[in-house]
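Enquirer: The file below is final_21.cif, mmCIF, C-alpha atoms and all ligand atoms:
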```cif
data_entry
#
loop_
_atom_site.group_PDB
_atom_site.id
_atom_site.type_symbol
_atom_site.label_atom_id
_atom_site.label_comp_id
_atom_site.auth_asym_id
_atom_site.auth_seq_id
_atom_site.Cartn_x
_atom_site.Cartn_y
_atom_site.Cartn_z
ATOM 1 C CA MET A 1 -21.607 -21.398 12.954
ATOM 2 C CA SER A 2 -18.572 -22.906 14.605
ATOM 3 C CA LYS A 3 -20.521 -24.732 17.305
ATOM 4 C CA LYS A 4 -20.067 -28.464 17.455
ATOM 5 C CA VAL A 5 -22.850 -30.896 16.754
ATOM 6 C CA GLU A 6 -23.016 -34.602 17.468
ATOM 7 C CA GLY A 7 -23.215 -37.091 14.649
ATOM 8 C CA GLN A 8 -21.431 -39.567 12.446
ATOM 9 C CA CYS A 9 -18.334 -38.320 10.607
ATOM 10 C CA ARG A 10 -18.830 -38.698 6.858
ATOM 11 C CA LEU A 11 -15.218 -39.684 6.246
ATOM 12 C CA CYS A 12 -14.203 -42.083 9.065
ATOM 13 C CA LEU A 13 -17.846 -42.949 9.938
ATOM 14 C CA GLN A 14 -17.140 -42.663 13.711
ATOM 15 C CA HIS A 15 -19.737 -41.142 16.023
ATOM 16 C CA GLY A 16 -18.796 -38.010 17.947
ATOM 17 C CA SER A 17 -18.558 -34.237 17.753
ATOM 18 C CA LEU A 18 -18.644 -32.844 14.246
ATOM 19 C CA THR A 19 -16.816 -29.654 13.337
ATOM 20 C CA TYR A 20 -17.927 -27.065 10.813
ATOM 21 C CA GLU A 21 -16.220 -27.829 7.520
ATOM 22 C CA HIS A 22 -15.971 -24.875 5.143
ATOM 23 C CA VAL A 23 -16.817 -25.861 1.546
ATOM 24 C CA PRO A 24 -14.631 -24.652 -0.127
ATOM 25 C CA PRO A 25 -11.981 -23.982 2.539
ATOM 26 C CA ARG A 26 -11.884 -20.581 4.257
ATOM 27 C CA SER A 27 -8.567 -19.866 2.508
ATOM 28 C CA SER A 28 -10.295 -20.306 -0.866
ATOM 29 C CA PHE A 29 -12.440 -17.146 -0.620
ATOM 30 C CA ASN A 30 -14.964 -18.670 1.794
ATOM 31 C CA LYS A 31 -14.118 -16.895 5.053
ATOM 32 C CA THR A 32 -16.928 -14.392 5.243
ATOM 33 C CA THR A 33 -19.385 -15.514 2.554
ATOM 34 C CA ARG A 34 -22.967 -14.535 3.341
ATOM 35 C CA PHE A 35 -25.409 -17.010 1.952
ATOM 36 C CA GLN A 36 -29.070 -17.770 1.999
ATOM 37 C CA SER A 37 -30.602 -21.150 2.585
ATOM 38 C CA VAL A 38 -33.561 -21.674 0.284
ATOM 39 C CA SER A 39 -35.031 -24.891 -0.961
ATOM 40 C CA PHE A 40 -34.850 -26.066 -4.552
ATOM 41 C CA MET A 41 -38.657 -26.246 -4.737
ATOM 42 C CA ASP A 42 -39.027 -22.637 -3.535
ATOM 43 C CA ILE A 43 -36.807 -21.390 -6.340
ATOM 44 C CA MET A 44 -38.322 -23.621 -9.008
ATOM 45 C CA GLY A 45 -41.816 -22.481 -7.963
ATOM 46 C CA LEU A 46 -41.086 -18.875 -8.876
ATOM 47 C CA LYS A 47 -42.440 -17.440 -12.094
ATOM 48 C CA ASP A 48 -39.234 -15.491 -12.595
ATOM 49 C CA PRO A 49 -36.345 -16.266 -10.238
ATOM 50 C CA PHE A 50 -34.549 -13.083 -11.322
ATOM 51 C CA GLU A 51 -37.430 -10.746 -10.466
ATOM 52 C CA GLU A 52 -38.947 -12.340 -7.368
ATOM 53 C CA LYS A 53 -37.093 -12.699 -4.112
ATOM 54 C CA ILE A 54 -37.633 -15.546 -1.714
ATOM 55 C CA LYS A 55 -37.013 -15.328 1.975
ATOM 56 C CA GLY A 56 -34.582 -17.795 3.423
ATOM 57 C CA LYS A 57 -32.388 -17.805 6.465
ATOM 58 C CA ILE A 58 -29.228 -15.747 5.937
ATOM 59 C CA TYR A 59 -25.984 -17.238 7.183
ATOM 60 C CA GLN A 60 -22.572 -15.642 7.289
ATOM 61 C CA GLY A 61 -19.062 -16.754 8.087
ATOM 62 C CA GLY A 62 -18.632 -18.975 5.052
ATOM 63 C CA VAL A 63 -20.559 -21.812 3.485
ATOM 64 C CA GLY A 64 -20.052 -25.121 5.238
ATOM 65 C CA TYR A 65 -21.472 -28.267 6.733
ATOM 66 C CA HIS A 66 -21.120 -30.173 9.992
ATOM 67 C CA SER A 67 -19.616 -33.165 8.228
ATOM 68 C CA TYR A 68 -16.322 -34.210 9.738
ATOM 69 C CA CYS A 69 -14.896 -35.022 13.146
ATOM 70 C CA LEU A 70 -11.990 -32.913 14.354
ATOM 71 C CA ASN A 71 -9.458 -35.588 13.333
ATOM 72 C CA CYS A 72 -10.712 -35.786 9.753
ATOM 73 C CA ASN A 73 -11.069 -32.010 9.541
ATOM 74 C CA ASN A 74 -7.434 -31.635 10.641
ATOM 75 C CA PHE A 75 -6.319 -34.410 8.284
ATOM 76 C CA LEU A 76 -7.893 -32.679 5.274
ATOM 77 C CA GLY A 77 -6.398 -29.364 6.384
ATOM 78 C CA LEU A 78 -2.945 -30.861 6.659
ATOM 79 C CA GLU A 79 -2.950 -32.981 3.500
ATOM 80 C CA TYR A 80 -5.018 -31.188 0.868
ATOM 81 C CA VAL A 81 -6.198 -27.685 1.751
ATOM 82 C CA ASN A 82 -3.011 -25.878 0.720
ATOM 83 C CA ALA A 83 -2.953 -27.602 -2.657
ATOM 84 C CA TYR A 84 -6.566 -26.586 -3.210
ATOM 85 C CA LYS A 85 -5.866 -23.030 -2.042
ATOM 86 C CA GLN A 86 -3.105 -22.637 -4.620
ATOM 87 C CA TRP A 87 -5.356 -24.018 -7.350
ATOM 88 C CA SER A 88 -8.275 -21.745 -6.407
ATOM 89 C CA HIS A 89 -6.131 -18.616 -6.200
ATOM 90 C CA ALA A 90 -4.631 -19.369 -9.627
ATOM 91 C CA GLY A 91 -8.153 -19.870 -10.987
ATOM 92 C CA ALA A 92 -9.414 -16.618 -9.480
ATOM 93 C CA TYR A 93 -6.573 -14.727 -11.133
ATOM 94 C CA ALA A 94 -7.234 -16.457 -14.471
ATOM 95 C CA ILE A 95 -10.936 -15.573 -14.576
ATOM 96 C CA SER A 96 -10.264 -12.006 -13.482
ATOM 97 C CA GLN A 97 -8.179 -11.729 -16.668
ATOM 98 C CA ALA A 98 -10.534 -13.722 -18.912
ATOM 99 C CA GLU A 99 -12.195 -11.683 -21.608
ATOM 100 C CA PHE A 100 -13.828 -14.594 -23.388
ATOM 101 C CA ASP A 101 -15.918 -17.560 -22.355
ATOM 102 C CA SER A 102 -12.926 -19.855 -22.602
ATOM 103 C CA CYS A 103 -9.797 -19.322 -20.650
ATOM 104 C CA SER A 104 -6.341 -20.700 -21.260
ATOM 105 C CA PHE A 105 -5.051 -21.653 -17.881
ATOM 106 C CA GLU A 106 -1.469 -22.351 -16.879
ATOM 107 C CA VAL A 107 -0.460 -23.061 -13.303
ATOM 108 C CA PRO A 108 3.048 -23.963 -12.253
ATOM 109 C CA ASN A 109 3.907 -26.216 -9.325
ATOM 110 C CA ILE A 110 0.562 -27.653 -8.353
ATOM 111 C CA LEU A 111 -0.417 -30.964 -6.788
ATOM 112 C CA PRO A 112 -3.204 -32.512 -8.936
ATOM 113 C CA ASN A 113 -3.653 -35.629 -6.776
ATOM 114 C CA GLU A 114 -4.181 -33.554 -3.624
ATOM 115 C CA ILE A 115 -6.471 -31.098 -5.444
ATOM 116 C CA LEU A 116 -8.704 -33.925 -6.691
ATOM 117 C CA LYS A 117 -8.864 -35.477 -3.224
ATOM 118 C CA HIS A 118 -9.912 -32.155 -1.773
ATOM 119 C CA VAL A 119 -12.610 -31.725 -4.422
ATOM 120 C CA ILE A 120 -13.976 -35.182 -3.605
ATOM 121 C CA SER A 121 -13.890 -34.378 0.113
ATOM 122 C CA MET A 122 -16.130 -31.403 -0.644
ATOM 123 C CA PHE A 123 -18.656 -33.697 -2.330
ATOM 124 C CA ILE A 124 -18.559 -36.025 0.685
ATOM 125 C CA ALA A 125 -19.106 -32.991 2.951
ATOM 126 C CA ILE A 126 -22.222 -31.705 1.166
ATOM 127 C CA ASN A 127 -23.906 -35.105 1.086
ATOM 128 C CA ASP A 128 -25.396 -37.001 3.997
ATOM 129 C CA ILE A 129 -23.905 -40.024 5.710
ATOM 130 C CA ASN A 130 -25.475 -42.484 3.245
ATOM 131 C CA TYR A 131 -23.373 -41.088 0.420
ATOM 132 C CA GLY A 132 -20.094 -42.394 1.828
ATOM 133 C CA LYS A 133 -21.716 -45.709 2.660
ATOM 134 C CA ALA A 134 -22.891 -46.021 -0.949
ATOM 135 C CA HIS A 135 -19.523 -44.896 -2.345
ATOM 136 C CA PRO A 136 -16.816 -46.347 -0.065
ATOM 137 C CA GLU A 137 -14.276 -46.018 -2.928
ATOM 138 C CA LEU A 138 -14.489 -42.234 -2.599
ATOM 139 C CA LEU A 139 -13.846 -42.387 1.157
ATOM 140 C CA GLU A 140 -10.862 -44.716 0.688
ATOM 141 C CA PHE A 141 -9.348 -42.497 -1.982
ATOM 142 C CA VAL A 142 -9.610 -39.367 0.179
ATOM 143 C CA LYS A 143 -8.443 -41.100 3.358
ATOM 144 C CA ASN A 144 -5.235 -42.365 1.747
ATOM 145 C CA PRO A 145 -2.828 -39.537 0.792
ATOM 146 C CA ASP A 146 -0.703 -42.022 -1.187
ATOM 147 C CA SER A 147 -3.485 -43.476 -3.309
ATOM 148 C CA THR A 148 -3.474 -42.935 -7.057
ATOM 149 C CA GLU A 149 -6.392 -45.245 -7.697
ATOM 150 C CA LEU A 150 -10.070 -44.507 -7.881
ATOM 151 C CA ASP A 151 -12.755 -46.681 -9.464
ATOM 152 C CA SER A 152 -13.319 -45.567 -13.069
ATOM 153 C CA LYS A 153 -17.073 -45.250 -12.480
ATOM 154 C CA TYR A 154 -16.329 -41.863 -10.904
ATOM 155 C CA ARG A 155 -15.555 -38.975 -13.223
ATOM 156 C CA ILE A 156 -14.834 -35.435 -12.113
ATOM 157 C CA PHE A 157 -15.156 -32.322 -14.262
ATOM 158 C CA THR A 158 -14.463 -28.645 -13.825
ATOM 159 C CA TYR A 159 -15.311 -25.242 -15.290
ATOM 160 C CA PHE A 160 -14.817 -21.634 -14.307
ATOM 161 C CA LYS A 161 -17.801 -20.084 -12.559
ATOM 162 C CA LYS A 162 -17.876 -16.344 -12.897
ATOM 163 C CA LYS A 163 -21.539 -15.264 -12.840
ATOM 164 C CA GLY A 164 -24.580 -16.643 -11.068
ATOM 165 C CA GLN A 165 -25.363 -18.211 -7.722
ATOM 166 C CA ILE A 166 -23.303 -20.570 -5.649
ATOM 167 C CA ARG A 167 -24.438 -24.117 -6.364
ATOM 168 C CA TYR A 168 -24.387 -27.045 -3.898
ATOM 169 C CA ILE A 169 -26.179 -30.067 -5.298
ATOM 170 C CA PRO A 170 -25.805 -33.389 -3.481
ATOM 171 C CA PHE A 171 -26.337 -36.717 -5.249
ATOM 172 C CA MET A 172 -29.059 -36.297 -7.838
ATOM 173 C CA VAL A 173 -30.375 -37.979 -10.933
ATOM 174 C CA THR A 174 -31.113 -35.400 -13.573
ATOM 175 C CA GLY A 175 -32.264 -35.276 -17.188
ATOM 176 C CA THR A 176 -35.191 -36.477 -19.175
ATOM 177 C CA LEU A 177 -35.996 -40.161 -19.293
ATOM 178 C CA SER A 178 -37.558 -39.802 -22.729
ATOM 179 C CA ALA A 179 -34.330 -38.476 -24.208
ATOM 180 C CA GLY A 180 -32.384 -41.263 -22.549
ATOM 181 C CA SER A 181 -29.956 -38.764 -21.119
ATOM 182 C CA VAL A 182 -30.285 -39.410 -17.426
ATOM 183 C CA VAL A 183 -27.174 -38.517 -15.450
ATOM 184 C CA ALA A 184 -26.418 -39.299 -11.822
ATOM 185 C CA CYS A 185 -24.239 -36.474 -10.576
ATOM 186 C CA SER A 186 -23.455 -33.902 -7.907
ATOM 187 C CA GLU A 187 -22.255 -30.360 -8.431
ATOM 188 C CA ILE A 188 -20.528 -27.612 -6.467
ATOM 189 C CA ALA A 189 -20.000 -24.116 -7.859
ATOM 190 C CA PHE A 190 -18.259 -21.419 -5.903
ATOM 191 C CA THR A 191 -16.137 -18.796 -7.673
ATOM 192 C CA PRO A 192 -13.711 -19.417 -9.295
ATOM 193 C CA TYR A 193 -14.626 -23.081 -9.977
ATOM 194 C CA GLY A 194 -17.498 -25.371 -10.583
ATOM 195 C CA PHE A 195 -17.074 -29.123 -10.119
ATOM 196 C CA VAL A 196 -19.242 -32.002 -11.276
ATOM 197 C CA ILE A 197 -18.869 -35.625 -10.242
ATOM 198 C CA THR A 198 -20.741 -38.293 -12.200
ATOM 199 C CA TYR A 199 -21.507 -41.872 -11.187
ATOM 200 C CA ASP A 200 -21.470 -44.711 -13.721
ATOM 201 C CA ASP A 201 -21.815 -42.299 -16.584
ATOM 202 C CA LYS A 202 -19.770 -42.522 -19.784
ATOM 203 C CA LYS A 203 -21.419 -39.835 -21.858
ATOM 204 C CA PRO A 204 -19.341 -36.791 -22.822
ATOM 205 C CA LYS A 205 -20.041 -33.569 -20.968
ATOM 206 C CA PRO A 206 -19.769 -30.831 -23.592
ATOM 207 C CA GLY A 207 -17.879 -27.811 -22.373
ATOM 208 C CA LEU A 208 -16.666 -29.360 -19.156
ATOM 209 C CA VAL A 209 -13.019 -30.252 -18.629
ATOM 210 C CA GLU A 210 -12.450 -33.662 -17.128
ATOM 211 C CA ILE A 211 -9.939 -33.754 -14.273
ATOM 212 C CA THR A 212 -10.399 -37.409 -13.261
ATOM 213 C CA ARG A 213 -6.831 -38.097 -14.385
ATOM 214 C CA PHE A 214 -5.518 -35.911 -11.580
ATOM 215 C CA LYS A 215 -5.815 -39.133 -9.545
ATOM 216 C CA GLU A 216 -2.920 -40.685 -11.473
ATOM 217 C CA HIS A 217 -0.429 -37.990 -10.511
ATOM 218 C CA ALA A 218 2.092 -39.012 -7.896
ATOM 219 C CA PRO A 219 1.231 -37.365 -4.574
ATOM 220 C CA LYS A 220 3.527 -34.631 -3.238
ATOM 221 C CA ILE A 221 5.255 -34.084 -6.604
ATOM 222 C CA PRO A 222 4.403 -30.644 -8.018
ATOM 223 C CA VAL A 223 3.737 -30.366 -11.751
ATOM 224 C CA ASP A 224 2.883 -27.614 -14.218
ATOM 225 C CA ILE A 225 -0.627 -27.807 -15.637
ATOM 226 C CA LYS A 226 -1.948 -26.200 -18.773
ATOM 227 C CA MET A 227 -5.543 -26.497 -19.945
ATOM 228 C CA ASN A 228 -8.415 -24.599 -21.517
ATOM 229 C CA ILE A 229 -11.332 -24.118 -19.174
ATOM 230 C CA ASN A 230 -14.705 -22.685 -20.156
ATOM 231 C CA VAL A 231 -16.333 -19.884 -18.184
ATOM 232 C CA PHE A 232 -19.938 -20.756 -17.284
ATOM 233 C CA GLU A 233 -22.860 -19.149 -15.458
ATOM 234 C CA THR A 234 -24.823 -20.859 -12.690
ATOM 235 C CA HIS A 235 -28.148 -19.100 -12.170
ATOM 236 C CA LEU A 236 -30.467 -21.939 -11.137
ATOM 237 C CA PRO A 237 -29.955 -24.818 -8.683
ATOM 238 C CA ILE A 238 -30.011 -27.369 -11.517
ATOM 239 C CA PRO A 239 -26.949 -29.540 -12.184
ATOM 240 C CA LEU A 240 -25.291 -29.145 -15.595
ATOM 241 C CA ASP A 241 -27.397 -26.059 -16.360
ATOM 242 C CA TYR A 242 -25.157 -23.230 -17.560
ATOM 243 C CA ARG A 243 -27.681 -21.132 -19.448
ATOM 244 C CA THR A 244 -27.290 -17.382 -19.348
ATOM 245 C CA LYS A 245 -29.924 -15.280 -17.607
ATOM 246 C CA ALA A 246 -31.339 -14.274 -20.987
ATOM 247 C CA ALA A 247 -31.609 -17.896 -22.149
ATOM 248 C CA ILE A 248 -33.408 -18.934 -18.955
ATOM 249 C CA GLN A 249 -35.881 -16.049 -19.247
ATOM 250 C CA GLU A 250 -36.496 -16.889 -22.889
ATOM 251 C CA GLY A 251 -37.133 -20.514 -21.910
ATOM 252 C CA MET A 252 -39.625 -19.454 -19.244
ATOM 253 C CA LYS A 253 -41.483 -17.248 -21.701
ATOM 254 C CA ASN A 254 -41.860 -20.192 -24.103
ATOM 255 C CA ASN A 255 -43.188 -22.414 -21.333
ATOM 256 C CA ARG A 256 -46.067 -20.152 -20.418
HETATM 257 ZN ZN ZN B 1 -13.770 -38.507 11.013
#
```
Starting from the coordinates I provided, produce the structure as structure tokens.
Ligand SMILES: [Zn+2]
Expert:
Amino acid sequence: MSKKVEGQCRLCLQHGSLTYEHVPPRSSFNKTTRFQSVSFMDIMGLKDPFEEKIKGKIYQGGVGYHSYCLNCNNFLGLEYVNAYKQWSHAGAYAISQAEFDSCSFEVPNILPNEILKHVISMFIAINDINYGKAHPELLEFVKNPDSTELDSKYRIFTYFKKKGQIRYIPFMVTGTLSAGSVVACSEIAFTPYGFVITYDDKKPKPGLVEITRFKEHAPKIPVDIKMNINVFETHLPIPLDYRTKAAIQEGMKNNR
């Protein structure tokens, strides 16, 4: 998994060798993750995704993508990974203690600006090269450790992910046209967190906690954060779908 491949770096857009970027970082519980690569259509074609198994290639050594050149990989490691590690370890402790589906969360001494930049770097990593070309504001924000500005068309949300599958959804437009609730978004869920980024979308996202304002925090100045975060389940590879197993099975029964 650590072999180098040639390509265009999704952050600096230079051509060259691309390293394997762990998403989330190895130090955030992603060192030895075993995971299966199956397509969205394979899963959605199943009558019951909880009863039937599909065969996909099994990978181990942590989920990741050949996204960044060595320079950018090192830059992210130096500037943001530790801040994200602290945030993810605090989150893991909080959900291990959570008895309800909402969790009061207090973390001392964290770096919100760096955490948000790392989260956005994960979205850049799971998308292809066209993503950064379509959203240069995201690249600029991540590339500049001092920046506290990001175009307001981008909104980032979080939740605690305790049960269900890992979820890696690149840019996607989801929802029903008839209901007028189409959302352009991407989503990553890997215990303890799920993250959603939306594009040009102003509608509220019930249950999700918005962390877009992390961008306004001064870099390198630790602060104490207190918030209530909901605990959600992620069973299907569908963005913004947090139904329990029972609710999904009930829905499938009604569709037959
Ligand atoms: Zn690069």
Enquirer: 10 Å from ligand ZN 1 (chain B) is the threshold here; counting only C-alpha atoms and all ligand atoms, which polymer residues fall inside it? Answer as a ChimeraX atom specification.
Expert: /A:8-19,67-75,143
Enquirer: What would the file look like if the residues just selected were written as a PDB file, in the coordinates of the input with C-alpha atoms?
Expert:
```pdb
ATOM      1  CA  GLN A   8     -21.431 -39.567  12.446  1.00  0.00           C
ATOM      2  CA  CYS A   9     -18.334 -38.320  10.607  1.00  0.00           C
ATOM      3  CA  ARG A  10     -18.830 -38.698   6.858  1.00  0.00           C
ATOM      4  CA  LEU A  11     -15.218 -39.684   6.246  1.00  0.00           C
ATOM      5  CA  CYS A  12     -14.203 -42.083   9.065  1.00  0.00           C
ATOM      6  CA  LEU A  13     -17.846 -42.949   9.938  1.00  0.00           C
ATOM      7  CA  GLN A  14     -17.140 -42.663  13.711  1.00  0.00           C
ATOM      8  CA  HIS A  15     -19.737 -41.142  16.023  1.00  0.00           C
ATOM      9  CA  GLY A  16     -18.796 -38.010  17.947  1.00  0.00           C
ATOM     10  CA  SER A  17     -18.558 -34.237  17.753  1.00  0.00           C
ATOM     11  CA  LEU A  18     -18.644 -32.844  14.246  1.00  0.00           C
ATOM     12  CA  THR A  19     -16.816 -29.654  13.337  1.00  0.00           C
ATOM     13  CA  SER A  67     -19.616 -33.165   8.228  1.00  0.00           C
ATOM     14  CA  TYR A  68     -16.322 -34.210   9.738  1.00  0.00           C
ATOM     15  CA  CYS A  69     -14.896 -35.022  13.146  1.00  0.00           C
ATOM     16  CA  LEU A  70     -11.990 -32.913  14.354  1.00  0.00           C
ATOM     17  CA  ASN A  71      -9.458 -35.588  13.333  1.00  0.00           C
ATOM     18  CA  CYS A  72     -10.712 -35.786   9.753  1.00  0.00           C
ATOM     19  CA  ASN A  73     -11.069 -32.010   9.541  1.00  0.00           C
ATOM     20  CA  ASN A  74      -7.434 -31.635  10.641  1.00  0.00           C
ATOM     21  CA  PHE A  75      -6.319 -34.410   8.284  1.00  0.00           C
ATOM     22  CA  LYS A 143      -8.443 -41.100   3.358  1.00  0.00           C
TER      23      LYS A 143
END
```
Enquirer: Taking into account only C-alpha atoms, which residue in the set A:Glu250, A:Pro239, A:Ile225, A:Phe214 is nearest to Gly175 of chain A?
Expert: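 Distance minimum relative to Gly175 of chain A lands on A:Pro239.
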Enquirer: Could you check which of A:Leu116, A:Val182, A:Ala218, A:Leu208 is closest to Asp146 of chain A, using only C-alpha atoms?
Expert: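 Using only C-alpha atoms, Asp146 of chain A sits closest to A:Ala218.
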Enquirer: Neighbourhood query: residues within 12 Å of (-12.8, -30.2, -6.5), file coordinates, counting all atoms listed in the file; return as number ranges by chain.
Expert: A: 23-25, 28, 80-81, 83-85, 87-88, 112-125, 142, 155-160, 186-197, 210-212, 214-215
Enquirer: Selected residues, C-alpha atoms, written as a PDB file, in the coordinates of the input, please.
Expert:
```
ATOM      1  CA  VAL A  23     -16.817 -25.861   1.546  1.00  0.00           C
ATOM      2  CA  PRO A  24     -14.631 -24.652  -0.127  1.00  0.00           C
ATOM      3  CA  PRO A  25     -11.981 -23.982   2.539  1.00  0.00           C
ATOM      4  CA  SER A  28     -10.295 -20.306  -0.866  1.00  0.00           C
ATOM      5  CA  TYR A  80      -5.018 -31.188   0.868  1.00  0.00           C
ATOM      6  CA  VAL A  81      -6.198 -27.685   1.751  1.00  0.00           C
ATOM      7  CA  ALA A  83      -2.953 -27.602  -2.657  1.00  0.00           C
ATOM      8  CA  TYR A  84      -6.566 -26.586  -3.210  1.00  0.00           C
ATOM      9  CA  LYS A  85      -5.866 -23.030  -2.042  1.00  0.00           C
ATOM     10  CA  TRP A  87      -5.356 -24.018  -7.350  1.00  0.00           C
ATOM     11  CA  SER A  88      -8.275 -21.745  -6.407  1.00  0.00           C
ATOM     12  CA  PRO A 112      -3.204 -32.512  -8.936  1.00  0.00           C
ATOM     13  CA  ASN A 113      -3.653 -35.629  -6.776  1.00  0.00           C
ATOM     14  CA  GLU A 114      -4.181 -33.554  -3.624  1.00  0.00           C
ATOM     15  CA  ILE A 115      -6.471 -31.098  -5.444  1.00  0.00           C
ATOM     16  CA  LEU A 116      -8.704 -33.925  -6.691  1.00  0.00           C
ATOM     17  CA  LYS A 117      -8.864 -35.477  -3.224  1.00  0.00           C
ATOM     18  CA  HIS A 118      -9.912 -32.155  -1.773  1.00  0.00           C
ATOM     19  CA  VAL A 119     -12.610 -31.725  -4.422  1.00  0.00           C
ATOM     20  CA  ILE A 120     -13.976 -35.182  -3.605  1.00  0.00           C
ATOM     21  CA  SER A 121     -13.890 -34.378   0.113  1.00  0.00           C
ATOM     22  CA  MET A 122     -16.130 -31.403  -0.644  1.00  0.00           C
ATOM     23  CA  PHE A 123     -18.656 -33.697  -2.330  1.00  0.00           C
ATOM     24  CA  ILE A 124     -18.559 -36.025   0.685  1.00  0.00           C
ATOM     25  CA  ALA A 125     -19.106 -32.991   2.951  1.00  0.00           C
ATOM     26  CA  VAL A 142      -9.610 -39.367   0.179  1.00  0.00           C
ATOM     27  CA  ARG A 155     -15.555 -38.975 -13.223  1.00  0.00           C
ATOM     28  CA  ILE A 156     -14.834 -35.435 -12.113  1.00  0.00           C
ATOM     29  CA  PHE A 157     -15.156 -32.322 -14.262  1.00  0.00           C
ATOM     30  CA  THR A 158     -14.463 -28.645 -13.825  1.00  0.00           C
ATOM     31  CA  TYR A 159     -15.311 -25.242 -15.290  1.00  0.00           C
ATOM     32  CA  PHE A 160     -14.817 -21.634 -14.307  1.00  0.00           C
ATOM     33  CA  SER A 186     -23.455 -33.902  -7.907  1.00  0.00           C
ATOM     34  CA  GLU A 187     -22.255 -30.360  -8.431  1.00  0.00           C
ATOM     35  CA  ILE A 188     -20.528 -27.612  -6.467  1.00  0.00           C
ATOM     36  CA  ALA A 189     -20.000 -24.116  -7.859  1.00  0.00           C
ATOM     37  CA  PHE A 190     -18.259 -21.419  -5.903  1.00  0.00           C
ATOM     38  CA  THR A 191     -16.137 -18.796  -7.673  1.00  0.00           C
ATOM     39  CA  PRO A 192     -13.711 -19.417  -9.295  1.00  0.00           C
ATOM     40  CA  TYR A 193     -14.626 -23.081  -9.977  1.00  0.00           C
ATOM     41  CA  GLY A 194     -17.498 -25.371 -10.583  1.00  0.00           C
ATOM     42  CA  PHE A 195     -17.074 -29.123 -10.119  1.00  0.00           C
ATOM     43  CA  VAL A 196     -19.242 -32.002 -11.276  1.00  0.00           C
ATOM     44  CA  ILE A 197     -18.869 -35.625 -10.242  1.00  0.00           C
ATOM     45  CA  GLU A 210     -12.450 -33.662 -17.128  1.00  0.00           C
ATOM     46  CA  ILE A 211      -9.939 -33.754 -14.273  1.00  0.00           C
ATOM     47  CA  THR A 212     -10.399 -37.409 -13.261  1.00  0.00           C
ATOM     48  CA  PHE A 214      -5.518 -35.911 -11.580  1.00  0.00           C
ATOM     49  CA  LYS A 215      -5.815 -39.133  -9.545  1.00  0.00           C
TER      50      LYS A 215
END
```
Enquirer: What does the structure give for the distance between atom CA of Gln165 of chain A and atom CA of Gln36 of chain A, in Å to one decimal?
Expert: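 It comes out at 10.4 Å.
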Enquirer: Determine the axis-aligned bounding box of all atoms of segment 8-12 of chain A present in the file, pad each side by 6 Å, and express its centre and edge lengths in Å to one decimal place as JSON.
Expert:
```
{"center_x": -17.8, "center_y": -40.2, "center_z": 9.3, "size_x": 19.2, "size_y": 15.8, "size_z": 18.2}
```
Enquirer: Go ahead and compute the interatomic distance for atom CA of Gly91 of chain A and atom CA of Leu150 of chain A, in Å to one decimal.
Expert: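 Rounded to one decimal, the two atoms are 24.9 Å apart.
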Enquirer: For atom CA of Ala184 of chain A and atom CA of Asp201 of chain A, determine how far apart the two atoms are, in Å to one decimal place.
Expert: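 Taking atom CA of Ala184 of chain A and atom CA of Asp201 of chain A, their separation equals 7.3 Å.
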Enquirer: So, counting all atoms listed in the file, which residue among A:Gly132, A:Gly77, A:Gly7, A:Gly62 is closest to Thr33 of chain A?
Expert: A:Gly62
Enquirer: Counting all atoms listed in the file, figure out which residue out of A:Val173, A:Ser147, A:Ile238, A:Val107 gets nearest to Val223 of chain A.
Expert: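 When distances to Val223 of chain A are compared using all atoms listed in the file, the smallest one comes from A:Val107.
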Enquirer: Smallest atom-to-atom distance to Thr198 of chain A: which of A:Ser96, A:Asn144, A:Ser152, A:Asn230, using only C-alpha atoms?
Expert: A:Ser152
Enquirer: Ranking A:Ala246, A:Ile110, A:Tyr199, A:His235 by minimum distance to His217 of chain A and counting all atoms listed in the file, which one comes first?
Expert: A:Ile110
Enquirer: Please expand the PyMOL selection byres (((chain A and resi 31) around 12) and not hetatm) into the concrete residues it hits in this file, giving the result as an NGL selection string.
Expert: :A and (1 or 21-30 or 32-35 or 60-64)
Enquirer: So which residues touch Glu51 of chain A within 12 Å, counting all atoms listed in the file, skipping near sequence neighbours fewer than 4 positions away, as a PyMOL selection string?
Expert: chain A and resi 43+46-47+245+249
Enquirer: Translate the PyMOL selection byres (((chain A and resi 233) around 8) and not hetatm) into a concrete residue list for this structure, as an MDAnalysis selection string.
Expert: chainID A and resid 161:164 231:232 234:235 242:244
